[in-house]
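Step one of this worksheet: look at the structure below.
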Amino acid sequence: MGAIIDGKRISDSLKEEMKAQVIALEKQYGRRPGLAVIIVGENPASQVYVRNKVRAAEYVGLRSVQITLPEETSEADLLAQIGRLNADPAIDGILVQLPLPKHIDEEKVIDAIALEKDADGFHPGNVGALWLGKPCTLPCTPKGCLELIRSTGVEIRGALAVVIGRSNIVGKPMAKLLLDAHATVVIAHSRTRDLGALTRQADIIVAAVGKRNVVTADMVKPGAVVIDVGMNRDDEGRLCGDVDFAAVKEVAGWITPVPGGVGPMTITMLMQNTIESFIKRESKTH
Ligand code: NAP
């Protein structure tokens with residue numbers, strides 16, 4: 001039976017380190033890192049995500065600002081709000097919770113966030129820098145997944161990694177991070193022929209699809225590291241991932257549970273990104 005990668009425990013211990021770091025930063029620079037989270041509308045899932053992010057920010061001692069705007073907020077008003085946060089010296093990280101209402105152009109909104117305050121790492125400037133191998137803010141979910149893979153001690157260099165999913169926020173940046181860590185990377189997606197033939201060779205599998213049971217036990221090489229990004233509901237309405245956890249954990253060497261795996265790490269990486277932005281901004285002025 002494989003070992004469980006306890007994302008909750010790892011993220012809790014990172015948050016404790018950050019708590020101490022924030023106290024030290026406040027002593028050094030006279031202020032705490034500031035994170036602004038904007039939510040537009042009343043999507044219940046988004047409300048839960050935002051609440052968890054604000055709670056984590058408060059826990060590590062960040063100055064957190066939650067801006068809740070009504071569903072009918074115009075694109076211009078949202079852009080103006082972002083403009084104000086861009087100009088606010090007490091704010092180091094800005095996050096706009098996605099998805100946005102249909103009348104608002106998400107791309108325009110992400111582009112409007114100042115590059116150095118892009119806490120989610122979704123700004124084209126950060127995406128471009130990532131692919132060019134330049135310093136950048138990394139997107140939180142793949143950054144957290146890499147931490148989880150590293151926590152196993154399994155060597156990434158030279159490993160065959162199969163990333164299932166090619167979204168801009170998870171699959172593609174995940175593949176690039178694994179490539180940078182010297183894995184040989186295959187990116188699979190909905191048109192991939194014989195996914196199992198690929199995953200059976202993989203030392204590392206990252207599933208970021210959004211469908212239950214995309215990865216079953218017969219698709220996993222004994223001892224492989226399996227990271228489950230998916231967030232789905234089972235027939236009883238319980239949260240589950242893309243991986244058939246009960247069966248795959250018998251084959252895998254390491255596996256993340258859902259919940260308690262990637263989810264808590266994503267939020268913790270957002271805190272880390274905000275602290276990193278703070279340090280970059282403050283070290284420019286000191
Ligand atoms: P997305 O934009 O919908 O992308 C899903 C990807 O899966 C697409 O590239 C799609 O291929 C591929 N795919 C669909 N069916 C497939 C199949 N049968 N076999 C192989 N590939 C298939 O989703 P996302 O935003 O990347 O998110 C993926 C999942 O992760 C969702 O469940 C989401 O809720 C979850 N998530 C969790 C966190 C967290 O913090 N835990 C963060 C972000 C996302 P095509 O490109 O060909 O369509």
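Ligands are numbered from 1 in the order shown, chains are lettered A, B, ... in the order of the structure tokens, and residues start at 1 in each chain.
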
Identify all residues of region 115-181 of chain A in strand (DSSP E or B) (DSSP on the backbone) and supply them as an NGL selection string. :A and (118 or 160-164)

Considering only C-alpha atoms, return as a PyMOL selection string whatever protein or nucleic-acid residues lie within 10 Å of Thr68 (chain A), sequence-local ones (same chain, fewer than 3 positions apart) excluded. chain A and resi 37-42+47+50+65+71

Would you list the contacts of Val214 (chain A) as an NGL selection string, taking every protein, DNA or RNA residue within 10 Å and counting only C-alpha atoms, but skipping same-chain residues closer than 2 positions in sequence? :A and (164 or 195-196 or 207-212 or 216 or 219 or 230 or 241-244)

Write out, as a CSV table (one decimal), in the first residue's frame, the residues just selected, with all heavy atoms.
```
chain,number,residue,atom,x,y,z
A,164,ILE,N,-2.0,14.9,-16.7
A,164,ILE,CA,-3.3,14.8,-17.5
A,164,ILE,C,-4.1,16.0,-17.3
A,164,ILE,O,-4.5,16.4,-16.2
A,164,ILE,CB,-4.1,13.5,-16.9
A,164,ILE,CG1,-3.2,12.3,-16.7
A,164,ILE,CG2,-5.2,13.2,-17.9
A,164,ILE,CD1,-3.9,11.2,-16.0
A,195,LEU,N,-4.6,6.6,-22.9
A,195,LEU,CA,-4.0,7.2,-21.7
A,195,LEU,C,-3.3,6.2,-20.8
A,195,LEU,O,-2.2,6.5,-20.3
A,195,LEU,CB,-5.1,8.0,-20.9
A,195,LEU,CG,-4.7,8.7,-19.7
A,195,LEU,CD1,-3.8,9.9,-20.0
A,195,LEU,CD2,-6.0,9.3,-19.0
A,196,GLY,N,-3.9,5.1,-20.6
A,196,GLY,CA,-3.3,4.1,-19.7
A,196,GLY,C,-2.0,3.6,-20.2
A,196,GLY,O,-1.1,3.4,-19.3
A,207,ALA,N,-3.0,14.3,-12.1
A,207,ALA,CA,-4.3,14.3,-12.8
A,207,ALA,C,-5.0,15.6,-12.5
A,207,ALA,O,-5.3,16.0,-11.3
A,207,ALA,CB,-5.1,13.1,-12.3
A,208,ALA,N,-5.3,16.4,-13.5
A,208,ALA,CA,-6.0,17.7,-13.4
A,208,ALA,C,-7.0,17.8,-14.5
A,208,ALA,O,-6.9,18.5,-15.5
A,208,ALA,CB,-5.0,18.8,-13.5
A,209,VAL,N,-8.1,17.0,-14.3
A,209,VAL,CA,-9.1,16.8,-15.4
A,209,VAL,C,-10.4,17.4,-14.9
A,209,VAL,O,-11.1,18.2,-15.7
A,209,VAL,CB,-9.2,15.3,-15.7
A,209,VAL,CG1,-10.3,15.1,-16.7
A,209,VAL,CG2,-7.9,14.8,-16.3
A,210,GLY,N,-10.9,17.0,-13.8
A,210,GLY,CA,-12.2,17.4,-13.3
A,210,GLY,C,-13.3,16.3,-13.6
A,210,GLY,O,-14.5,16.6,-13.8
A,211,LYS,N,-12.8,15.0,-13.7
A,211,LYS,CA,-13.8,13.9,-13.9
A,211,LYS,C,-13.3,12.8,-13.0
A,211,LYS,O,-12.1,12.5,-12.9
A,211,LYS,CB,-13.7,13.4,-15.3
A,211,LYS,CG,-14.4,14.3,-16.3
A,211,LYS,CD,-14.3,13.7,-17.7
A,211,LYS,CE,-14.7,14.8,-18.7
A,211,LYS,NZ,-14.2,14.6,-20.1
A,212,ARG,N,-14.3,12.1,-12.4
A,212,ARG,CA,-14.0,11.0,-11.4
A,212,ARG,C,-13.4,9.8,-12.2
A,212,ARG,O,-13.8,9.6,-13.3
A,212,ARG,CB,-15.3,10.6,-10.8
A,212,ARG,CG,-15.8,11.5,-9.7
A,212,ARG,CD,-17.2,11.2,-9.4
A,212,ARG,NE,-17.4,9.8,-8.9
A,212,ARG,CZ,-18.6,9.3,-8.8
A,212,ARG,NH1,-19.7,9.9,-9.1
A,212,ARG,NH2,-18.7,8.0,-8.4
A,216,THR,N,-7.4,4.9,-12.9
A,216,THR,CA,-7.8,3.7,-12.1
A,216,THR,C,-6.5,2.9,-11.9
A,216,THR,O,-5.4,3.1,-12.4
A,216,THR,CB,-8.8,2.9,-13.0
A,216,THR,OG1,-8.3,2.7,-14.3
A,216,THR,CG2,-10.1,3.6,-13.0
A,219,MET,N,-4.0,1.6,-14.4
A,219,MET,CA,-3.3,2.6,-15.2
A,219,MET,C,-2.0,3.1,-14.5
A,219,MET,O,-1.3,4.0,-15.0
A,219,MET,CB,-4.2,3.8,-15.4
A,219,MET,CG,-5.4,3.5,-16.3
A,219,MET,SD,-6.6,4.8,-16.3
A,219,MET,CE,-5.8,6.1,-17.2
A,230,GLY,N,-7.9,17.0,-9.1
A,230,GLY,CA,-9.4,17.1,-9.4
A,230,GLY,C,-10.2,17.4,-8.2
A,230,GLY,O,-9.9,16.9,-7.1
A,241,GLY,N,-11.6,13.2,-6.1
A,241,GLY,CA,-10.7,13.7,-7.1
A,241,GLY,C,-10.9,13.0,-8.4
A,241,GLY,O,-12.0,12.5,-8.7
A,242,ASP,N,-9.9,13.0,-9.3
A,242,ASP,CA,-9.9,12.3,-10.6
A,242,ASP,C,-9.4,10.9,-10.5
A,242,ASP,O,-9.6,10.1,-11.4
A,242,ASP,CB,-9.0,13.1,-11.5
A,242,ASP,CG,-9.4,14.5,-11.9
A,242,ASP,OD1,-10.6,14.8,-11.6
A,242,ASP,OD2,-8.6,15.3,-12.4
A,243,VAL,N,-8.8,10.6,-9.3
A,243,VAL,CA,-8.2,9.3,-9.2
A,243,VAL,C,-9.1,8.3,-8.3
A,243,VAL,O,-9.7,8.8,-7.4
A,243,VAL,CB,-6.8,9.4,-8.5
A,243,VAL,CG1,-6.1,8.1,-8.2
A,243,VAL,CG2,-5.9,10.4,-9.3
A,244,ASP,N,-9.2,7.1,-8.7
A,244,ASP,CA,-9.9,6.1,-7.9
A,244,ASP,C,-9.0,5.8,-6.7
A,244,ASP,O,-8.2,4.8,-6.7
A,244,ASP,CB,-10.1,4.8,-8.8
A,244,ASP,CG,-10.8,3.7,-8.0
A,244,ASP,OD1,-11.2,4.0,-6.8
A,244,ASP,OD2,-11.0,2.7,-8.6
```

Which of region 45-279 of chain A fall in alpha helix (DSSP H), as a CSV table (one decimal) with N, CA and C atoms, in the first residue's frame:
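What ended up in states-v9.csv:
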```csv
chain,number,residue,atom,x,y,z
A,45,ALA,N,-19.4,28.1,-4.6
A,45,ALA,CA,-18.1,27.5,-4.6
A,45,ALA,C,-17.0,28.6,-4.4
A,46,SER,N,-17.2,29.7,-5.2
A,46,SER,CA,-16.2,30.8,-5.1
A,46,SER,C,-16.2,31.4,-3.7
A,47,GLN,N,-17.4,31.5,-3.1
A,47,GLN,CA,-17.5,32.1,-1.8
A,47,GLN,C,-16.7,31.2,-0.8
A,48,VAL,N,-16.8,29.9,-0.9
A,48,VAL,CA,-16.1,29.0,0.0
A,48,VAL,C,-14.5,29.2,-0.2
A,49,TYR,N,-14.1,29.2,-1.5
A,49,TYR,CA,-12.7,29.4,-1.8
A,49,TYR,C,-12.2,30.7,-1.2
A,50,VAL,N,-12.9,31.8,-1.4
A,50,VAL,CA,-12.5,33.1,-0.9
A,50,VAL,C,-12.4,33.1,0.6
A,51,ARG,N,-13.4,32.5,1.2
A,51,ARG,CA,-13.4,32.5,2.7
A,51,ARG,C,-12.2,31.8,3.2
A,52,ASN,N,-11.9,30.6,2.6
A,52,ASN,CA,-10.7,29.9,3.0
A,52,ASN,C,-9.4,30.6,2.8
A,53,LYS,N,-9.3,31.4,1.7
A,53,LYS,CA,-8.1,32.2,1.4
A,53,LYS,C,-8.0,33.3,2.4
A,54,VAL,N,-9.1,34.0,2.7
A,54,VAL,CA,-9.0,35.1,3.7
A,54,VAL,C,-8.6,34.5,5.1
A,55,ARG,N,-9.2,33.4,5.4
A,55,ARG,CA,-9.0,32.8,6.7
A,55,ARG,C,-7.5,32.4,6.8
A,56,ALA,N,-6.9,31.8,5.8
A,56,ALA,CA,-5.5,31.5,5.8
A,56,ALA,C,-4.6,32.7,5.9
A,57,ALA,N,-5.0,33.7,5.2
A,57,ALA,CA,-4.2,35.0,5.2
A,57,ALA,C,-4.2,35.5,6.6
A,58,GLU,N,-5.4,35.5,7.3
A,58,GLU,CA,-5.4,36.0,8.6
A,58,GLU,C,-4.6,35.2,9.5
A,59,TYR,N,-4.6,33.9,9.3
A,59,TYR,CA,-3.9,32.9,10.2
A,59,TYR,C,-2.4,33.2,10.1
A,60,VAL,N,-1.9,33.4,8.9
A,60,VAL,CA,-0.4,33.7,8.8
A,60,VAL,C,0.0,35.1,9.2
A,75,GLU,N,-17.7,45.7,-15.9
A,75,GLU,CA,-16.2,45.5,-16.1
A,75,GLU,C,-15.4,46.7,-15.8
A,76,ALA,N,-16.0,47.9,-16.1
A,76,ALA,CA,-15.2,49.2,-15.9
A,76,ALA,C,-15.1,49.4,-14.4
A,77,ASP,N,-16.1,49.1,-13.6
A,77,ASP,CA,-16.0,49.3,-12.1
A,77,ASP,C,-15.0,48.3,-11.5
A,78,LEU,N,-15.0,47.1,-12.0
A,78,LEU,CA,-14.0,46.1,-11.5
A,78,LEU,C,-12.6,46.5,-11.9
A,79,LEU,N,-12.4,47.0,-13.1
A,79,LEU,CA,-11.1,47.4,-13.5
A,79,LEU,C,-10.6,48.6,-12.7
A,80,ALA,N,-11.6,49.5,-12.3
A,80,ALA,CA,-11.2,50.7,-11.5
A,80,ALA,C,-10.8,50.2,-10.1
A,81,GLN,N,-11.5,49.2,-9.6
A,81,GLN,CA,-11.2,48.7,-8.3
A,81,GLN,C,-9.8,48.1,-8.3
A,82,ILE,N,-9.4,47.4,-9.4
A,82,ILE,CA,-8.1,46.8,-9.5
A,82,ILE,C,-7.1,47.9,-9.6
A,83,GLY,N,-7.4,49.0,-10.3
A,83,GLY,CA,-6.5,50.1,-10.5
A,83,GLY,C,-6.2,50.7,-9.1
A,84,ARG,N,-7.2,50.8,-8.2
A,84,ARG,CA,-7.0,51.3,-6.9
A,84,ARG,C,-6.0,50.4,-6.1
A,85,LEU,N,-6.2,49.1,-6.2
A,85,LEU,CA,-5.4,48.2,-5.4
A,85,LEU,C,-4.0,48.2,-6.0
A,86,ASN,N,-3.8,48.3,-7.3
A,86,ASN,CA,-2.5,48.4,-7.9
A,86,ASN,C,-1.7,49.6,-7.3
A,87,ALA,N,-2.5,50.7,-7.1
A,87,ALA,CA,-1.8,51.9,-6.6
A,87,ALA,C,-1.6,51.9,-5.1
A,106,GLU,N,-12.6,38.0,-18.6
A,106,GLU,CA,-11.6,37.6,-17.5
A,106,GLU,C,-10.2,38.0,-17.9
A,107,GLU,N,-9.9,37.8,-19.2
A,107,GLU,CA,-8.5,38.1,-19.7
A,107,GLU,C,-8.2,39.6,-19.4
A,108,LYS,N,-9.1,40.5,-19.7
A,108,LYS,CA,-8.9,41.9,-19.5
A,108,LYS,C,-8.6,42.2,-18.0
A,109,VAL,N,-9.4,41.5,-17.2
A,109,VAL,CA,-9.2,41.7,-15.7
A,109,VAL,C,-7.9,41.2,-15.2
A,110,ILE,N,-7.5,40.1,-15.7
A,110,ILE,CA,-6.2,39.5,-15.2
A,110,ILE,C,-5.0,40.4,-15.7
A,111,ASP,N,-5.2,40.9,-17.0
A,111,ASP,CA,-4.2,41.8,-17.6
A,111,ASP,C,-4.0,43.1,-16.8
A,112,ALA,N,-5.1,43.5,-16.1
A,112,ALA,CA,-5.1,44.8,-15.5
A,112,ALA,C,-4.4,44.7,-14.1
A,124,PRO,N,-0.3,37.4,-18.1
A,124,PRO,CA,0.6,37.0,-19.2
A,124,PRO,C,2.0,37.2,-19.0
A,125,GLY,N,2.4,38.3,-18.3
A,125,GLY,CA,3.8,38.6,-18.0
A,125,GLY,C,4.4,37.5,-17.2
A,126,ASN,N,3.7,37.0,-16.2
A,126,ASN,CA,4.2,35.9,-15.4
A,126,ASN,C,4.2,34.5,-16.2
A,127,VAL,N,3.2,34.3,-17.0
A,127,VAL,CA,3.1,33.1,-17.8
A,127,VAL,C,4.3,33.1,-18.8
A,128,GLY,N,4.5,34.2,-19.4
A,128,GLY,CA,5.6,34.3,-20.4
A,128,GLY,C,6.9,34.0,-19.7
A,129,ALA,N,7.1,34.7,-18.5
A,129,ALA,CA,8.4,34.5,-17.8
A,129,ALA,C,8.6,33.1,-17.4
A,130,LEU,N,7.5,32.4,-17.0
A,130,LEU,CA,7.6,31.0,-16.6
A,130,LEU,C,8.2,30.2,-17.8
A,131,TRP,N,7.6,30.4,-19.0
A,131,TRP,CA,8.0,29.6,-20.1
A,131,TRP,C,9.3,30.0,-20.7
A,132,LEU,N,9.8,31.2,-20.4
A,132,LEU,CA,11.1,31.6,-20.8
A,132,LEU,C,12.2,31.2,-19.8
A,140,CYS,N,-0.5,29.0,-8.2
A,140,CYS,CA,-0.5,28.3,-6.9
A,140,CYS,C,-0.7,26.8,-6.9
A,141,THR,N,-1.6,26.3,-7.8
A,141,THR,CA,-1.9,24.9,-7.7
A,141,THR,C,-0.7,24.1,-8.2
A,142,PRO,N,-0.1,24.3,-9.4
A,142,PRO,CA,1.1,23.5,-9.8
A,142,PRO,C,2.3,23.7,-8.9
A,143,LYS,N,2.4,24.9,-8.3
A,143,LYS,CA,3.5,25.2,-7.4
A,143,LYS,C,3.4,24.3,-6.1
A,144,GLY,N,2.1,24.2,-5.7
A,144,GLY,CA,1.8,23.3,-4.5
A,144,GLY,C,2.0,21.9,-4.8
A,145,CYS,N,1.6,21.5,-6.1
A,145,CYS,CA,1.8,20.0,-6.5
A,145,CYS,C,3.3,19.7,-6.5
A,146,LEU,N,4.1,20.6,-7.0
A,146,LEU,CA,5.6,20.3,-7.0
A,146,LEU,C,6.1,20.1,-5.6
A,147,GLU,N,5.6,21.0,-4.7
A,147,GLU,CA,6.1,20.8,-3.3
A,147,GLU,C,5.7,19.4,-2.8
A,148,LEU,N,4.5,19.0,-3.1
A,148,LEU,CA,4.0,17.7,-2.6
A,148,LEU,C,4.8,16.6,-3.2
A,149,ILE,N,5.2,16.7,-4.5
A,149,ILE,CA,6.0,15.7,-5.1
A,149,ILE,C,7.4,15.7,-4.5
A,150,ARG,N,7.9,16.8,-4.2
A,150,ARG,CA,9.2,16.9,-3.6
A,150,ARG,C,9.2,16.3,-2.2
A,151,SER,N,8.1,16.5,-1.5
A,151,SER,CA,8.0,16.0,-0.1
A,151,SER,C,8.1,14.5,0.0
A,171,GLY,N,-2.6,22.3,-15.8
A,171,GLY,CA,-1.8,21.3,-16.6
A,171,GLY,C,-0.6,21.9,-17.3
A,172,LYS,N,-0.7,23.0,-18.0
A,172,LYS,CA,0.4,23.5,-18.7
A,172,LYS,C,1.5,24.0,-17.8
A,173,PRO,N,1.2,24.8,-16.8
A,173,PRO,CA,2.3,25.2,-15.9
A,173,PRO,C,2.9,24.0,-15.1
A,174,MET,N,2.1,23.1,-14.8
A,174,MET,CA,2.6,21.9,-14.0
A,174,MET,C,3.7,21.2,-14.9
A,175,ALA,N,3.3,21.0,-16.2
A,175,ALA,CA,4.3,20.4,-17.1
A,175,ALA,C,5.6,21.1,-17.1
A,176,LYS,N,5.5,22.5,-17.2
A,176,LYS,CA,6.7,23.3,-17.3
A,176,LYS,C,7.5,23.2,-16.0
A,177,LEU,N,6.9,23.1,-14.8
A,177,LEU,CA,7.6,23.0,-13.6
A,177,LEU,C,8.3,21.7,-13.5
A,178,LEU,N,7.7,20.6,-14.0
A,178,LEU,CA,8.3,19.3,-14.0
A,178,LEU,C,9.4,19.2,-14.9
A,179,LEU,N,9.3,19.9,-16.1
A,179,LEU,CA,10.3,20.0,-17.1
A,179,LEU,C,11.6,20.7,-16.5
A,180,ASP,N,11.3,21.8,-15.8
A,180,ASP,CA,12.4,22.6,-15.2
A,180,ASP,C,13.1,21.7,-14.1
A,195,LEU,N,-4.6,6.6,-22.9
A,195,LEU,CA,-4.0,7.2,-21.7
A,195,LEU,C,-3.3,6.2,-20.8
A,196,GLY,N,-3.9,5.1,-20.6
A,196,GLY,CA,-3.3,4.1,-19.7
A,196,GLY,C,-2.0,3.6,-20.2
A,197,ALA,N,-1.8,3.5,-21.5
A,197,ALA,CA,-0.5,3.1,-22.0
A,197,ALA,C,0.6,4.1,-21.6
A,198,LEU,N,0.3,5.3,-21.5
A,198,LEU,CA,1.2,6.4,-21.1
A,198,LEU,C,1.4,6.3,-19.6
A,199,THR,N,0.3,6.4,-18.8
A,199,THR,CA,0.4,6.5,-17.4
A,199,THR,C,1.1,5.2,-16.8
A,245,PHE,N,-9.2,6.7,-5.7
A,245,PHE,CA,-8.2,6.7,-4.6
A,245,PHE,C,-8.1,5.3,-3.9
A,246,ALA,N,-9.2,4.7,-3.5
A,246,ALA,CA,-9.2,3.4,-2.7
A,246,ALA,C,-8.3,2.4,-3.4
A,247,ALA,N,-8.5,2.2,-4.8
A,247,ALA,CA,-7.8,1.2,-5.5
A,247,ALA,C,-6.4,1.6,-5.8
A,248,VAL,N,-6.2,2.9,-6.2
A,248,VAL,CA,-4.9,3.3,-6.7
A,248,VAL,C,-3.9,3.4,-5.5
A,262,VAL,N,-4.0,18.4,-2.5
A,262,VAL,CA,-3.6,19.6,-3.3
A,262,VAL,C,-4.3,20.8,-2.8
A,263,GLY,N,-5.6,20.7,-2.5
A,263,GLY,CA,-6.4,21.9,-2.1
A,263,GLY,C,-5.8,22.8,-1.1
A,264,PRO,N,-5.4,22.3,0.1
A,264,PRO,CA,-4.8,23.1,1.1
A,264,PRO,C,-3.5,23.7,0.7
A,265,MET,N,-2.7,23.0,-0.2
A,265,MET,CA,-1.4,23.5,-0.7
A,265,MET,C,-1.6,24.7,-1.6
A,266,THR,N,-2.7,24.7,-2.4
A,266,THR,CA,-3.0,25.8,-3.3
A,266,THR,C,-3.1,27.1,-2.5
A,267,ILE,N,-3.9,27.0,-1.4
A,267,ILE,CA,-4.1,28.2,-0.6
A,267,ILE,C,-2.8,28.7,0.1
A,268,THR,N,-2.1,27.7,0.5
A,268,THR,CA,-0.8,28.1,1.2
A,268,THR,C,0.2,28.7,0.2
A,269,MET,N,0.2,28.2,-1.0
A,269,MET,CA,1.1,28.8,-2.0
A,269,MET,C,0.7,30.3,-2.3
A,270,LEU,N,-0.6,30.6,-2.2
A,270,LEU,CA,-1.1,31.9,-2.4
A,270,LEU,C,-0.5,32.8,-1.3
A,271,MET,N,-0.5,32.3,-0.1
A,271,MET,CA,0.1,33.1,1.0
A,271,MET,C,1.6,33.3,0.7
A,272,GLN,N,2.3,32.2,0.2
A,272,GLN,CA,3.7,32.3,-0.1
A,272,GLN,C,4.0,33.3,-1.2
A,273,ASN,N,3.1,33.3,-2.3
A,273,ASN,CA,3.3,34.3,-3.4
A,273,ASN,C,3.2,35.7,-2.9
A,274,THR,N,2.2,35.9,-2.0
A,274,THR,CA,2.0,37.3,-1.4
A,274,THR,C,3.2,37.8,-0.7
A,275,ILE,N,3.8,36.8,0.1
A,275,ILE,CA,5.0,37.2,0.9
A,275,ILE,C,6.1,37.4,0.0
A,276,GLU,N,6.3,36.6,-1.0
A,276,GLU,CA,7.4,36.8,-2.0
A,276,GLU,C,7.2,38.2,-2.7
A,277,SER,N,6.0,38.5,-3.1
A,277,SER,CA,5.8,39.8,-3.7
A,277,SER,C,6.2,41.0,-2.8
A,278,PHE,N,5.8,40.8,-1.5
A,278,PHE,CA,6.1,41.8,-0.5
A,278,PHE,C,7.6,42.0,-0.5
A,279,ILE,N,8.3,40.9,-0.4
A,279,ILE,CA,9.8,41.0,-0.2
A,279,ILE,C,10.4,41.7,-1.4
```

Counting only C-alpha atoms and all ligand atoms, figure out which residue out of A:Asp228, A:Asp6, A:Glu250, A:Asp88 gets nearest to ligand 1.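 Using only C-alpha atoms and all ligand atoms, ligand 1 sits closest to A:Asp228.
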
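Between CA of His123 (chain A) and CA of Gly93 (chain A) lies a distance of 12.3 Å.
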
In terms of the shortest atom-to-atom distance over only C-alpha atoms and all ligand atoms, which of A:Pro259, A:Gly133, A:Pro101, A:Gly237 is closest to ligand 1?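 Between A:Pro259, A:Gly133, A:Pro101, A:Gly237, the residue approaching ligand 1 most closely is A:Pro259.
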
Find, counting only C-alpha atoms, the residue in A:Asp234, A:Ala202, A:Glu26, A:Ser74 that gets nearest to Asp105 (chain A). A:Ser74

Can you measure atom 46 (O, counted along the ligand's line) of ligand 1 to CA of Lys249 (chain A) for me? One decimal in Å is fine.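 Distance between the two atoms: 26.5 Å.
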
List the neighbours of Ile205 (chain A) out to 6 Å using only C-alpha atoms; skip same-chain residues closer than 2 positions along the sequence, and give me the result as a compact mmCIF listing (two decimals) with C-alpha atoms, in the first residue's frame.
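To be explicit, this is the file written out as out.txt:
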```txt
# COMPACT_ATOMS: atom_id res chain seq x y z
CA ALA A 161 5.92 12.45 -15.58
CA VAL A 162 2.48 12.28 -17.17
CA VAL A 163 0.35 15.38 -16.61
CA VAL A 226 0.10 10.12 -7.92
```
